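Enquirer: To start, I am sharing the structure in question, which I have written as structure tokens.
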Amino acid sequence: MLAPRAIGTLCAMPNLARAHNIEDLRRLARARLPRSVFDFFDGGAEDETTLRGNRAAFERVRLLPRVLVDVHAVDTGAELFGIRANLPMAIAPTGAIGAGRHDADLMIARAARAAGIPYSLATPATNSIEEIAEQAGGRLWFQLYLLKNREFRNRLVGRAKAAGYEALLVTVDLTTGGKRERDLRNDFAAPFVPTWRNSRDVLFKTSWLAGMATRGVPQMKNLIGMLQKPPRLTDVAASVGRELDASFSWDDLKSLRDAWPRRLVLKGIVHPADAERAAAAGCDGIVVSNHGGRQLDGAIATADALPAVARAAGSKLTVLIDGGVRRGVDLLKARALGAHGVLTGRATLFGAMAGGEAGATRAIEILAGEYQRAMMLCGVARTADITADLLAP
């Protein structure tokens with residue numbers, strides 16, 4: 001007979017096999033997390049019109065399938081920066097996710113390695129650059145925040161280089177923090193500091209509470225030594241925003257290009273002219289991104305911005321897109337619109353919050369299965385065969 005504690009553990013484990021799509025994982029994550037923590041992951045800036053617009057833009061894209069094509073064995077692989085990945089997809093950087101589950105960064109990185117796709121570590125992650133390299137491995141990219149403290153910023157670049165990270169993703173849409181009103185209403189801060197307002201439902205989130213009680217509140221390990229004082233009770237965007245270098249310009253990018261010998265990618269491009277400048281500055285790629293709707297509310301949806309940006313990039317840059325990716329067919333749509341691949345952040349984040357590494361793995365499995373099915377139903381046998389001809393006018 002199982003002990004009462006073991007029975008409780010089994011009851012707390014979600015049935016991940018019954019999660020048939022990313023929205024199912026999102027619901028499981030919401031059920032496990034305190035409201036303030038879930039809202040931090042799920043929310044966007046101000047009225048969240050850009051957050052919703054990212055998803056709506058993918059949903060507006062309609063496809064023109066071809067038939068009587070041999071698709072009995074489709075090839076879902078794609079080259080990202082000249083190296084094959086098992087999907088045209090990488091994991092987007094997501095910051096402070098240890099607030100939802102200890103070692104969530106590590107869990108997602110391990111799931112990405114097992115799936116044969118790249119993983120991006122955020123500057124404000126709760127696992128360090130070195131921990132991810134040593135304990136997860138695989139194809140690793142590091143997302144760099146442009147911090148005011150240039151000496152500290154250069155140390156981060158050096159640490160990523162020493163740890164063998166393949167690419168540096170420079171986030172360029174963070175001149176200041178977005179106004180994330182869910183976090184303001186919830187008194188959310190990172191590191192998470194419980195208050196009466198943000199903790200009113202904590203006692204009912206027993207799985208989350210047990211983890212925090214056992215191991216304490218995680219810290220943003222890559223920023224240890226930079227933040228001289230703990231953040232006040234405010235939203236995390238404002239906490240990080242005070243440390244950002246709003247003066248960083250195209251002229252400053254040259255020194256970063258000189259300091260980083262591997263793939264350099266600008267994340268946060270939505271204007272075609274900025275794609276052209278990125279190529280001229282010696283960048284290897286760009287991410288068409290509006291920070292998942294968490295910065296400028298009213299910004300163009302990324303799937304709407306993608307075709308013009310991809311045309312401007314031409315063959316000079318690897319073009320990726322993030323924001324609103326919730327279905328495997330979105331990978332196909334992104335390729336048809338001109339991207340080489342997508343980044344997804346919230347999909348695997350919801351998976352990890354719901355079920356740890358197994359949940360992150362389940363999220364990737366869902367997207368991979370849907371993508372393979374979409375390819376077969378559109379009559380394309382290889383990722384390389386996806387072109388704009390599949391798009392309905």
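Going through the structure tokens in order, the chains are called A, B, and so on, while each chain numbers its residues from 1 and the ligands are numbered from 1 in the order shown.
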Please list as a list in words every residue within 7 Å of range 388-393 of chain A, counting only C-alpha atoms and excluding residues in the same chain fewer than 4 positions away.
Expert: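 Skipping anything fewer than 4 positions along the chain leaves Arg62, Leu63, Leu64, Pro65, Ala336 and Leu337 of chain A.
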Enquirer: Write out as an MDAnalysis selection string which residues come within 7 Å of Val329 in chain A when counting only C-alpha atoms, dropping same-chain ones fewer than 4 positions away.
Expert: chainID A and resid 333 370:371 374
Enquirer: Taking only range 60-284 of chain A into account, list the residues labelled strand (DSSP E or B) by DSSP (computed from the backbone), as a tab-separated table (two decimals) with N, CA and C atoms, in the first residue's frame.
Expert:
chain	number	residue	atom	x	y	z
A	63	LEU	N	-3.77	28.48	-45.75
A	63	LEU	CA	-2.87	27.67	-46.56
A	63	LEU	C	-3.58	27.09	-47.77
A	75	ASP	N	10.39	14.77	-43.82
A	75	ASP	CA	11.61	15.20	-43.12
A	75	ASP	C	11.33	16.55	-42.48
A	78	ALA	N	15.59	20.98	-40.33
A	78	ALA	CA	15.92	22.24	-40.98
A	78	ALA	C	17.29	22.70	-40.54
A	79	GLU	N	17.95	23.48	-41.39
A	79	GLU	CA	19.23	24.07	-41.01
A	79	GLU	C	18.99	25.41	-40.34
A	80	LEU	N	19.55	25.56	-39.15
A	80	LEU	CA	19.53	26.83	-38.45
A	80	LEU	C	20.97	27.24	-38.24
A	83	ILE	N	23.53	24.46	-39.28
A	83	ILE	CA	23.56	23.19	-38.54
A	83	ILE	C	22.15	22.62	-38.51
A	84	ARG	N	22.03	21.35	-38.74
A	84	ARG	CA	20.71	20.73	-38.80
A	84	ARG	C	20.07	20.64	-37.41
A	85	ALA	N	18.81	21.01	-37.35
A	85	ALA	CA	17.97	20.78	-36.18
A	85	ALA	C	16.83	19.86	-36.60
A	89	MET	N	12.85	25.02	-35.36
A	89	MET	CA	12.41	25.61	-34.10
A	89	MET	C	13.54	25.60	-33.09
A	90	ALA	N	13.58	26.63	-32.27
A	90	ALA	CA	14.47	26.69	-31.11
A	90	ALA	C	13.66	27.20	-29.93
A	91	ILE	N	14.19	27.02	-28.73
A	91	ILE	CA	13.51	27.50	-27.53
A	91	ILE	C	13.90	28.96	-27.30
A	119	TYR	N	18.51	25.67	-27.69
A	119	TYR	CA	17.91	26.26	-26.49
A	119	TYR	C	18.57	27.59	-26.20
A	120	SER	N	17.76	28.61	-25.88
A	120	SER	CA	18.27	29.94	-25.56
A	120	SER	C	18.09	30.22	-24.07
A	121	LEU	N	19.17	30.61	-23.42
A	121	LEU	CA	19.13	30.95	-22.00
A	121	LEU	C	19.02	32.46	-21.84
A	140	LEU	N	23.44	25.53	-27.55
A	140	LEU	CA	23.07	26.56	-26.59
A	140	LEU	C	23.29	27.95	-27.16
A	141	TRP	N	22.29	28.80	-27.00
A	141	TRP	CA	22.37	30.20	-27.37
A	141	TRP	C	22.17	31.02	-26.09
A	142	PHE	N	22.84	32.15	-25.99
A	142	PHE	CA	22.68	33.00	-24.81
A	142	PHE	C	22.06	34.33	-25.22
A	143	GLN	N	20.97	34.68	-24.55
A	143	GLN	CA	20.31	35.96	-24.79
A	143	GLN	C	20.95	37.02	-23.90
A	144	LEU	N	21.47	38.06	-24.51
A	144	LEU	CA	22.14	39.13	-23.77
A	144	LEU	C	21.25	40.34	-23.64
A	147	LEU	N	22.90	45.76	-20.71
A	147	LEU	CA	22.91	46.34	-19.38
A	147	LEU	C	23.77	47.60	-19.34
A	167	ALA	N	25.67	30.76	-30.04
A	167	ALA	CA	25.18	32.03	-30.58
A	167	ALA	C	24.87	32.99	-29.44
A	168	LEU	N	24.98	34.28	-29.75
A	168	LEU	CA	24.62	35.34	-28.83
A	168	LEU	C	23.41	36.06	-29.40
A	169	LEU	N	22.29	36.00	-28.67
A	169	LEU	CA	21.06	36.69	-29.06
A	169	LEU	C	20.98	38.00	-28.29
A	170	VAL	N	21.18	39.11	-28.98
A	170	VAL	CA	21.19	40.41	-28.34
A	170	VAL	C	19.78	40.98	-28.41
A	171	THR	N	19.16	41.15	-27.25
A	171	THR	CA	17.79	41.67	-27.21
A	171	THR	C	17.85	43.18	-27.37
A	244	LEU	N	18.98	48.74	-17.67
A	244	LEU	CA	19.18	48.65	-19.11
A	244	LEU	C	19.87	49.89	-19.66
A	263	ARG	N	28.08	33.09	-33.82
A	263	ARG	CA	26.88	33.65	-34.42
A	263	ARG	C	26.32	34.79	-33.56
A	264	LEU	N	26.09	35.92	-34.20
A	264	LEU	CA	25.52	37.09	-33.52
A	264	LEU	C	24.15	37.37	-34.11
A	265	VAL	N	23.15	37.40	-33.24
A	265	VAL	CA	21.75	37.53	-33.68
A	265	VAL	C	21.11	38.69	-32.93
A	266	LEU	N	20.36	39.53	-33.65
A	266	LEU	CA	19.62	40.61	-33.01
A	266	LEU	C	18.17	40.17	-32.83
A	267	LYS	N	17.71	40.21	-31.61
A	267	LYS	CA	16.35	39.78	-31.29
A	267	LYS	C	15.49	41.00	-30.95
A	268	GLY	N	14.43	41.20	-31.74
A	268	GLY	CA	13.55	42.34	-31.51
A	268	GLY	C	13.39	43.21	-32.74
A	269	ILE	N	13.60	42.63	-33.93
A	269	ILE	CA	13.51	43.35	-35.20
A	269	ILE	C	12.12	43.19	-35.78
Enquirer: Could you pull the residues within 7 Å of range 161-164 of chain A, counting only C-alpha atoms, minus those fewer than 3 positions along the same chain, as an NGL selection string?
Expert: :A and (130 or 133 or 157-158)
Enquirer: Please dump the current selection as a PDB file, in the first residue's frame; keep N, CA and C atoms.
Expert:
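Below is the file result38.pdb, written as the result:
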ATOM      1  N   GLU A 130      26.802  28.614 -16.754  1.00  0.00           N
ATOM      2  CA  GLU A 130      27.640  27.427 -16.581  1.00  0.00           C
ATOM      3  C   GLU A 130      26.817  26.193 -16.235  1.00  0.00           C
ATOM      4  N   ALA A 133      25.303  24.762 -19.416  1.00  0.00           N
ATOM      5  CA  ALA A 133      26.311  24.126 -20.269  1.00  0.00           C
ATOM      6  C   ALA A 133      26.758  22.782 -19.709  1.00  0.00           C
ATOM      7  N   VAL A 157      29.223  38.051 -21.641  1.00  0.00           N
ATOM      8  CA  VAL A 157      29.621  37.601 -22.975  1.00  0.00           C
ATOM      9  C   VAL A 157      30.809  36.644 -22.866  1.00  0.00           C
ATOM     10  N   GLY A 158      31.777  36.992 -22.037  1.00  0.00           N
ATOM     11  CA  GLY A 158      32.937  36.127 -21.851  1.00  0.00           C
ATOM     12  C   GLY A 158      32.579  34.782 -21.254  1.00  0.00           C
TER      13      GLY A 158
END
Enquirer: How close does each residue of range 248-313 of chain A get to range 93-113 of chain A, giving the shortest atom pair and distance in Å to one decimal for every residue with an atom at most 12 Å away, counting only C-alpha atoms, sorted by chain and residue number, as a tab-separated table?
Expert:
residue	atom	partner	partner_atom	distance
A:Lys267	CA	A:Pro93	CA	10.4
A:Val287	CA	A:Pro93	CA	11.8
A:Ser289	CA	A:Pro93	CA	11.9
A:His291	CA	A:Pro93	CA	10.0
A:Gly292	CA	A:Thr94	CA	10.1
A:Arg294	CA	A:Thr94	CA	11.7
Enquirer: Write the selection just made, keeping N, CA and C atoms, as a CSV table (one decimal), in the first residue's frame?
Expert:
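What follows is the written file out.csv:
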chain,number,residue,atom,x,y,z
A,267,LYS,N,17.7,40.2,-31.6
A,267,LYS,CA,16.3,39.8,-31.3
A,267,LYS,C,15.5,41.0,-31.0
A,287,VAL,N,15.9,38.0,-35.1
A,287,VAL,CA,14.6,37.4,-34.6
A,287,VAL,C,13.5,38.4,-34.8
A,289,SER,N,10.6,39.9,-33.6
A,289,SER,CA,10.1,39.8,-32.3
A,289,SER,C,9.6,41.1,-31.7
A,291,HIS,N,8.9,41.0,-28.3
A,291,HIS,CA,9.1,40.5,-26.9
A,291,HIS,C,7.9,39.9,-26.4
A,292,GLY,N,7.2,39.1,-27.3
A,292,GLY,CA,6.0,38.4,-26.8
A,292,GLY,C,4.9,39.3,-26.4
A,294,ARG,N,5.2,42.0,-24.6
A,294,ARG,CA,5.5,42.4,-23.2
A,294,ARG,C,6.1,43.8,-23.2
Enquirer: Compile the contact shell of range 282-286 of chain A as a PDB file with N, CA and C atoms, in the first residue's frame: residues with an atom at most 12 Å away, counting only C-alpha atoms, same-chain residues fewer than 2 positions apart removed.
Expert:
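Contents of out24.pdb, freshly written:
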ATOM      1  N   LEU A  80      19.548  25.557 -39.151  1.00  0.00           N
ATOM      2  CA  LEU A  80      19.528  26.832 -38.445  1.00  0.00           C
ATOM      3  C   LEU A  80      20.975  27.237 -38.236  1.00  0.00           C
ATOM      4  N   PHE A  81      21.392  28.295 -38.894  1.00  0.00           N
ATOM      5  CA  PHE A  81      22.788  28.756 -38.867  1.00  0.00           C
ATOM      6  C   PHE A  81      23.737  27.659 -39.358  1.00  0.00           C
ATOM      7  N   GLY A  82      23.300  26.961 -40.408  1.00  0.00           N
ATOM      8  CA  GLY A  82      24.166  25.988 -41.050  1.00  0.00           C
ATOM      9  C   GLY A  82      24.273  24.654 -40.356  1.00  0.00           C
ATOM     10  N   GLU A 166      26.850  28.641 -28.669  1.00  0.00           N
ATOM     11  CA  GLU A 166      26.983  28.718 -30.119  1.00  0.00           C
ATOM     12  C   GLU A 166      26.641  30.105 -30.667  1.00  0.00           C
ATOM     13  N   ALA A 167      25.666  30.761 -30.045  1.00  0.00           N
ATOM     14  CA  ALA A 167      25.181  32.032 -30.575  1.00  0.00           C
ATOM     15  C   ALA A 167      24.872  32.992 -29.436  1.00  0.00           C
ATOM     16  N   LEU A 168      24.976  34.280 -29.755  1.00  0.00           N
ATOM     17  CA  LEU A 168      24.617  35.343 -28.825  1.00  0.00           C
ATOM     18  C   LEU A 168      23.407  36.058 -29.396  1.00  0.00           C
ATOM     19  N   LEU A 169      22.288  35.996 -28.665  1.00  0.00           N
ATOM     20  CA  LEU A 169      21.061  36.687 -29.064  1.00  0.00           C
ATOM     21  C   LEU A 169      20.982  38.002 -28.291  1.00  0.00           C
ATOM     22  N   VAL A 170      21.184  39.105 -28.983  1.00  0.00           N
ATOM     23  CA  VAL A 170      21.190  40.408 -28.336  1.00  0.00           C
ATOM     24  C   VAL A 170      19.778  40.982 -28.409  1.00  0.00           C
ATOM     25  N   THR A 171      19.158  41.148 -27.251  1.00  0.00           N
ATOM     26  CA  THR A 171      17.795  41.669 -27.214  1.00  0.00           C
ATOM     27  C   THR A 171      17.847  43.182 -27.367  1.00  0.00           C
ATOM     28  N   VAL A 172      17.247  43.695 -28.443  1.00  0.00           N
ATOM     29  CA  VAL A 172      17.367  45.112 -28.788  1.00  0.00           C
ATOM     30  C   VAL A 172      16.067  45.892 -28.602  1.00  0.00           C
ATOM     31  N   TRP A 250      23.594  51.505 -32.873  1.00  0.00           N
ATOM     32  CA  TRP A 250      24.263  50.732 -33.910  1.00  0.00           C
ATOM     33  C   TRP A 250      25.779  50.919 -33.845  1.00  0.00           C
ATOM     34  N   LEU A 253      27.261  48.516 -31.450  1.00  0.00           N
ATOM     35  CA  LEU A 253      27.163  47.106 -31.809  1.00  0.00           C
ATOM     36  C   LEU A 253      28.485  46.562 -32.340  1.00  0.00           C
ATOM     37  N   LYS A 254      29.298  47.437 -32.939  1.00  0.00           N
ATOM     38  CA  LYS A 254      30.562  46.988 -33.523  1.00  0.00           C
ATOM     39  C   LYS A 254      31.463  46.340 -32.474  1.00  0.00           C
ATOM     40  N   SER A 255      31.556  46.948 -31.287  1.00  0.00           N
ATOM     41  CA  SER A 255      32.427  46.379 -30.260  1.00  0.00           C
ATOM     42  C   SER A 255      31.913  45.018 -29.803  1.00  0.00           C
ATOM     43  N   LEU A 256      30.594  44.855 -29.788  1.00  0.00           N
ATOM     44  CA  LEU A 256      30.026  43.562 -29.419  1.00  0.00           C
ATOM     45  C   LEU A 256      30.313  42.530 -30.505  1.00  0.00           C
ATOM     46  N   ARG A 257      30.213  42.955 -31.759  1.00  0.00           N
ATOM     47  CA  ARG A 257      30.541  42.053 -32.866  1.00  0.00           C
ATOM     48  C   ARG A 257      32.011  41.626 -32.785  1.00  0.00           C
ATOM     49  N   ASP A 258      32.887  42.543 -32.445  1.00  0.00           N
ATOM     50  CA  ASP A 258      34.311  42.222 -32.335  1.00  0.00           C
ATOM     51  C   ASP A 258      34.594  41.276 -31.169  1.00  0.00           C
ATOM     52  N   TRP A 260      32.547  38.982 -29.911  1.00  0.00           N
ATOM     53  CA  TRP A 260      31.876  37.679 -30.008  1.00  0.00           C
ATOM     54  C   TRP A 260      32.222  37.037 -31.353  1.00  0.00           C
ATOM     55  N   PRO A 261      32.983  35.949 -31.372  1.00  0.00           N
ATOM     56  CA  PRO A 261      33.464  35.372 -32.627  1.00  0.00           C
ATOM     57  C   PRO A 261      32.475  34.416 -33.294  1.00  0.00           C
ATOM     58  N   ARG A 262      31.369  34.122 -32.638  1.00  0.00           N
ATOM     59  CA  ARG A 262      30.429  33.121 -33.168  1.00  0.00           C
ATOM     60  C   ARG A 262      29.182  33.812 -33.721  1.00  0.00           C
ATOM     61  N   ARG A 263      28.085  33.094 -33.816  1.00  0.00           N
ATOM     62  CA  ARG A 263      26.878  33.651 -34.417  1.00  0.00           C
ATOM     63  C   ARG A 263      26.322  34.790 -33.555  1.00  0.00           C
ATOM     64  N   LEU A 264      26.088  35.924 -34.199  1.00  0.00           N
ATOM     65  CA  LEU A 264      25.523  37.090 -33.516  1.00  0.00           C
ATOM     66  C   LEU A 264      24.153  37.372 -34.111  1.00  0.00           C
ATOM     67  N   VAL A 265      23.149  37.404 -33.244  1.00  0.00           N
ATOM     68  CA  VAL A 265      21.752  37.526 -33.680  1.00  0.00           C
ATOM     69  C   VAL A 265      21.107  38.686 -32.928  1.00  0.00           C
ATOM     70  N   LEU A 266      20.365  39.526 -33.647  1.00  0.00           N
ATOM     71  CA  LEU A 266      19.620  40.610 -33.011  1.00  0.00           C
ATOM     72  C   LEU A 266      18.174  40.169 -32.832  1.00  0.00           C
ATOM     73  N   LYS A 267      17.706  40.209 -31.610  1.00  0.00           N
ATOM     74  CA  LYS A 267      16.347  39.776 -31.288  1.00  0.00           C
ATOM     75  C   LYS A 267      15.493  41.000 -30.951  1.00  0.00           C
ATOM     76  N   GLY A 268      14.425  41.199 -31.740  1.00  0.00           N
ATOM     77  CA  GLY A 268      13.552  42.337 -31.511  1.00  0.00           C
ATOM     78  C   GLY A 268      13.388  43.209 -32.743  1.00  0.00           C
ATOM     79  N   ILE A 269      13.598  42.626 -33.931  1.00  0.00           N
ATOM     80  CA  ILE A 269      13.513  43.355 -35.196  1.00  0.00           C
ATOM     81  C   ILE A 269      12.115  43.192 -35.785  1.00  0.00           C
ATOM     82  N   VAL A 270      11.467  44.306 -36.138  1.00  0.00           N
ATOM     83  CA  VAL A 270      10.180  44.252 -36.847  1.00  0.00           C
ATOM     84  C   VAL A 270      10.168  45.186 -38.056  1.00  0.00           C
ATOM     85  N   HIS A 271      11.191  46.027 -38.209  1.00  0.00           N
ATOM     86  CA  HIS A 271      11.249  46.985 -39.317  1.00  0.00           C
ATOM     87  C   HIS A 271      12.238  46.483 -40.364  1.00  0.00           C
ATOM     88  N   PRO A 272      11.854  46.473 -41.648  1.00  0.00           N
ATOM     89  CA  PRO A 272      12.769  45.985 -42.689  1.00  0.00           C
ATOM     90  C   PRO A 272      14.105  46.725 -42.728  1.00  0.00           C
ATOM     91  N   ASP A 274      15.794  47.883 -40.303  1.00  0.00           N
ATOM     92  CA  ASP A 274      16.670  47.379 -39.242  1.00  0.00           C
ATOM     93  C   ASP A 274      17.280  46.032 -39.623  1.00  0.00           C
ATOM     94  N   ALA A 275      16.567  45.250 -40.411  1.00  0.00           N
ATOM     95  CA  ALA A 275      17.153  44.003 -40.913  1.00  0.00           C
ATOM     96  C   ALA A 275      18.331  44.305 -41.823  1.00  0.00           C
ATOM     97  N   GLU A 276      18.186  45.310 -42.675  1.00  0.00           N
ATOM     98  CA  GLU A 276      19.276  45.687 -43.565  1.00  0.00           C
ATOM     99  C   GLU A 276      20.485  46.188 -42.779  1.00  0.00           C
ATOM    100  N   ARG A 277      20.237  46.963 -41.719  1.00  0.00           N
ATOM    101  CA  ARG A 277      21.339  47.472 -40.907  1.00  0.00           C
ATOM    102  C   ARG A 277      22.022  46.339 -40.138  1.00  0.00           C
ATOM    103  N   ALA A 278      21.243  45.347 -39.702  1.00  0.00           N
ATOM    104  CA  ALA A 278      21.831  44.208 -39.007  1.00  0.00           C
ATOM    105  C   ALA A 278      22.788  43.458 -39.922  1.00  0.00           C
ATOM    106  N   ALA A 279      22.400  43.266 -41.177  1.00  0.00           N
ATOM    107  CA  ALA A 279      23.281  42.592 -42.133  1.00  0.00           C
ATOM    108  C   ALA A 279      24.538  43.413 -42.373  1.00  0.00           C
ATOM    109  N   ALA A 280      24.389  44.728 -42.521  1.00  0.00           N
ATOM    110  CA  ALA A 280      25.529  45.599 -42.759  1.00  0.00           C
ATOM    111  C   ALA A 280      26.483  45.623 -41.568  1.00  0.00           C
ATOM    112  N   VAL A 288      12.560  38.179 -35.618  1.00  0.00           N
ATOM    113  CA  VAL A 288      11.412  39.074 -35.736  1.00  0.00           C
ATOM    114  C   VAL A 288      10.593  38.895 -34.467  1.00  0.00           C
ATOM    115  N   SER A 289      10.614  39.907 -33.617  1.00  0.00           N
ATOM    116  CA  SER A 289      10.067  39.754 -32.272  1.00  0.00           C
ATOM    117  C   SER A 289       9.599  41.089 -31.725  1.00  0.00           C
ATOM    118  N   LEU A 306       6.784  39.780 -40.555  1.00  0.00           N
ATOM    119  CA  LEU A 306       7.779  38.849 -41.084  1.00  0.00           C
ATOM    120  C   LEU A 306       8.037  38.961 -42.588  1.00  0.00           C
ATOM    121  N   VAL A 309      10.280  41.940 -43.510  1.00  0.00           N
ATOM    122  CA  VAL A 309      11.605  41.805 -42.893  1.00  0.00           C
ATOM    123  C   VAL A 309      12.408  40.721 -43.605  1.00  0.00           C
ATOM    124  N   ALA A 310      11.771  39.606 -43.915  1.00  0.00           N
ATOM    125  CA  ALA A 310      12.473  38.516 -44.603  1.00  0.00           C
ATOM    126  C   ALA A 310      12.953  38.953 -45.981  1.00  0.00           C
ATOM    127  N   ALA A 312      13.788  41.997 -46.823  1.00  0.00           N
ATOM    128  CA  ALA A 312      14.922  42.902 -46.602  1.00  0.00           C
ATOM    129  C   ALA A 312      16.179  42.134 -46.223  1.00  0.00           C
ATOM    130  N   ALA A 313      16.010  41.055 -45.470  1.00  0.00           N
ATOM    131  CA  ALA A 313      17.162  40.245 -45.053  1.00  0.00           C
ATOM    132  C   ALA A 313      17.749  39.473 -46.217  1.00  0.00           C
ATOM    133  N   GLY A 314      16.905  39.063 -47.160  1.00  0.00           N
ATOM    134  CA  GLY A 314      17.371  38.305 -48.305  1.00  0.00           C
ATOM    135  C   GLY A 314      18.100  37.047 -47.888  1.00  0.00           C
ATOM    136  N   SER A 315      19.211  36.796 -48.525  1.00  0.00           N
ATOM    137  CA  SER A 315      20.003  35.605 -48.204  1.00  0.00           C
ATOM    138  C   SER A 315      21.139  35.926 -47.235  1.00  0.00           C
ATOM    139  N   LYS A 316      21.174  37.160 -46.761  1.00  0.00           N
ATOM    140  CA  LYS A 316      22.304  37.590 -45.922  1.00  0.00           C
ATOM    141  C   LYS A 316      22.163  37.174 -44.464  1.00  0.00           C
ATOM    142  N   LEU A 317      20.948  36.906 -44.009  1.00  0.00           N
ATOM    143  CA  LEU A 317      20.698  36.637 -42.600  1.00  0.00           C
ATOM    144  C   LEU A 317      19.824  35.404 -42.423  1.00  0.00           C
ATOM    145  N   THR A 318      20.038  34.686 -41.326  1.00  0.00           N
ATOM    146  CA  THR A 318      19.061  33.694 -40.877  1.00  0.00           C
ATOM    147  C   THR A 318      17.957  34.442 -40.158  1.00  0.00           C
ATOM    148  N   VAL A 319      16.718  34.198 -40.568  1.00  0.00           N
ATOM    149  CA  VAL A 319      15.570  34.918 -40.024  1.00  0.00           C
ATOM    150  C   VAL A 319      14.724  33.966 -39.184  1.00  0.00           C
ATOM    151  N   LEU A 320      14.533  34.321 -37.925  1.00  0.00           N
ATOM    152  CA  LEU A 320      13.678  33.576 -37.014  1.00  0.00           C
ATOM    153  C   LEU A 320      12.537  34.473 -36.572  1.00  0.00           C
ATOM    154  N   ILE A 321      11.503  33.885 -36.016  1.00  0.00           N
ATOM    155  CA  ILE A 321      10.351  34.643 -35.545  1.00  0.00           C
ATOM    156  C   ILE A 321       9.867  34.066 -34.233  1.00  0.00           C
ATOM    157  N   ASP A 322       9.438  34.935 -33.312  1.00  0.00           N
ATOM    158  CA  ASP A 322       8.767  34.451 -32.110  1.00  0.00           C
ATOM    159  C   ASP A 322       7.503  35.260 -31.879  1.00  0.00           C
ATOM    160  N   ALA A 339      10.493  32.896 -42.884  1.00  0.00           N
ATOM    161  CA  ALA A 339      11.431  32.605 -41.790  1.00  0.00           C
ATOM    162  C   ALA A 339      12.125  31.266 -42.021  1.00  0.00           C
ATOM    163  N   HIS A 340      13.315  31.139 -41.453  1.00  0.00           N
ATOM    164  CA  HIS A 340      13.994  29.847 -41.453  1.00  0.00           C
ATOM    165  C   HIS A 340      13.483  28.959 -40.323  1.00  0.00           C
ATOM    166  N   GLY A 341      12.961  29.579 -39.274  1.00  0.00           N
ATOM    167  CA  GLY A 341      12.444  28.821 -38.139  1.00  0.00           C
ATOM    168  C   GLY A 341      11.791  29.747 -37.135  1.00  0.00           C
ATOM    169  N   VAL A 342      11.251  29.140 -36.091  1.00  0.00           N
ATOM    170  CA  VAL A 342      10.574  29.898 -35.044  1.00  0.00           C
ATOM    171  C   VAL A 342      11.303  29.716 -33.721  1.00  0.00           C
ATOM    172  N   LEU A 343      11.075  30.648 -32.815  1.00  0.00           N
ATOM    173  CA  LEU A 343      11.398  30.478 -31.404  1.00  0.00           C
ATOM    174  C   LEU A 343      10.092  30.364 -30.650  1.00  0.00           C
TER     175      LEU A 343
END
Enquirer: Select from range 189-342 of chain A everything DSSP, run on the backbone, classes as helix (DSSP H, G or I), then give the selection as a ChimeraX atom specification.
Expert: /A:202-204,206-215,221-223,236-241,250-259,272-280,291-293,302-313,328-337
Enquirer: Would you mind telling me which residue in A:Arg30, A:Arg326, A:Arg185, A:Arg153 lies nearest to Asp42 in chain A when using only C-alpha atoms?
Expert: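 Nearest candidate to Asp42 in chain A out of A:Arg30, A:Arg326, A:Arg185, A:Arg153: A:Arg30.
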Enquirer: What gap, in Å, lies between CA of Gly293 in chain A and CA of Gly53 in chain A?
Expert: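 Those two atoms sit 8.3 Å apart.
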Enquirer: Between A:Arg362, A:Arg27, A:Arg139, A:Arg242, which residue has the minimum interatomic distance to Asn86 in chain A, considering only C-alpha atoms?
Expert: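 Comparing A:Arg362, A:Arg27, A:Arg139, A:Arg242 against Asn86 in chain A, the winner is A:Arg139.
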Enquirer: Give me, as a list in words, all polymer residues having an atom no more than 9 Å from Val37 in chain A, counting only C-alpha atoms and skipping those fewer than 2 positions away in the same chain.
Expert: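 Answer for this query is Leu33, Pro34, Arg35, Asp39, Phe40, Phe41, Asp42, Ile97, Ala99, Gly100, Asp183, Asn186, Phe188, Phe192 and Asn198 of chain A.
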Enquirer: Please write the residues from the selection above to a file, keeping N, CA and C atoms, as a short mmCIF file (atom, residue, chain, number, x, y, z; two decimals), in the first residue's frame.
Expert:
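Result file is selection-v4.cif:
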data_model
loop_
_atom_site.label_atom_id
_atom_site.label_comp_id
_atom_site.auth_asym_id
_atom_site.auth_seq_id
_atom_site.Cartn_x
_atom_site.Cartn_y
_atom_site.Cartn_z
N LEU A 33 0.12 27.02 -10.38
CA LEU A 33 0.86 28.21 -9.95
C LEU A 33 -0.02 29.22 -9.22
N PRO A 34 0.55 29.98 -8.29
CA PRO A 34 -0.15 31.13 -7.75
C PRO A 34 -0.49 32.11 -8.87
N ARG A 35 -1.58 32.83 -8.69
CA ARG A 35 -2.05 33.72 -9.75
C ARG A 35 -0.97 34.71 -10.18
N ASP A 39 0.41 34.90 -13.97
CA ASP A 39 0.18 36.13 -14.73
C ASP A 39 1.48 36.73 -15.25
N PHE A 40 2.56 36.60 -14.48
CA PHE A 40 3.85 37.09 -14.94
C PHE A 40 4.27 36.37 -16.21
N PHE A 41 4.09 35.06 -16.26
CA PHE A 41 4.45 34.29 -17.45
C PHE A 41 3.48 34.53 -18.61
N ASP A 42 2.22 34.64 -18.29
CA ASP A 42 1.16 34.63 -19.30
C ASP A 42 0.87 36.02 -19.87
N ILE A 97 12.03 32.21 -14.73
CA ILE A 97 11.01 31.16 -14.68
C ILE A 97 11.17 30.23 -13.49
N ALA A 99 10.74 31.18 -10.69
CA ALA A 99 9.65 31.59 -9.80
C ALA A 99 8.49 30.60 -9.85
N GLY A 100 8.42 29.84 -10.93
CA GLY A 100 7.35 28.86 -11.05
C GLY A 100 7.77 27.45 -10.71
N ASP A 183 1.32 42.40 -13.47
CA ASP A 183 2.34 42.34 -12.42
C ASP A 183 2.17 43.46 -11.41
N ASN A 186 -0.62 42.61 -9.11
CA ASN A 186 -0.32 41.45 -8.26
C ASN A 186 0.87 41.66 -7.33
N PHE A 188 3.90 41.69 -8.19
CA PHE A 188 4.89 40.67 -8.54
C PHE A 188 6.26 41.29 -8.66
N PHE A 192 10.80 36.56 -6.54
CA PHE A 192 9.45 36.63 -6.00
C PHE A 192 9.48 36.88 -4.50
N ASN A 198 -0.19 39.19 -3.40
CA ASN A 198 0.23 38.22 -4.40
C ASN A 198 0.26 36.79 -3.87
#
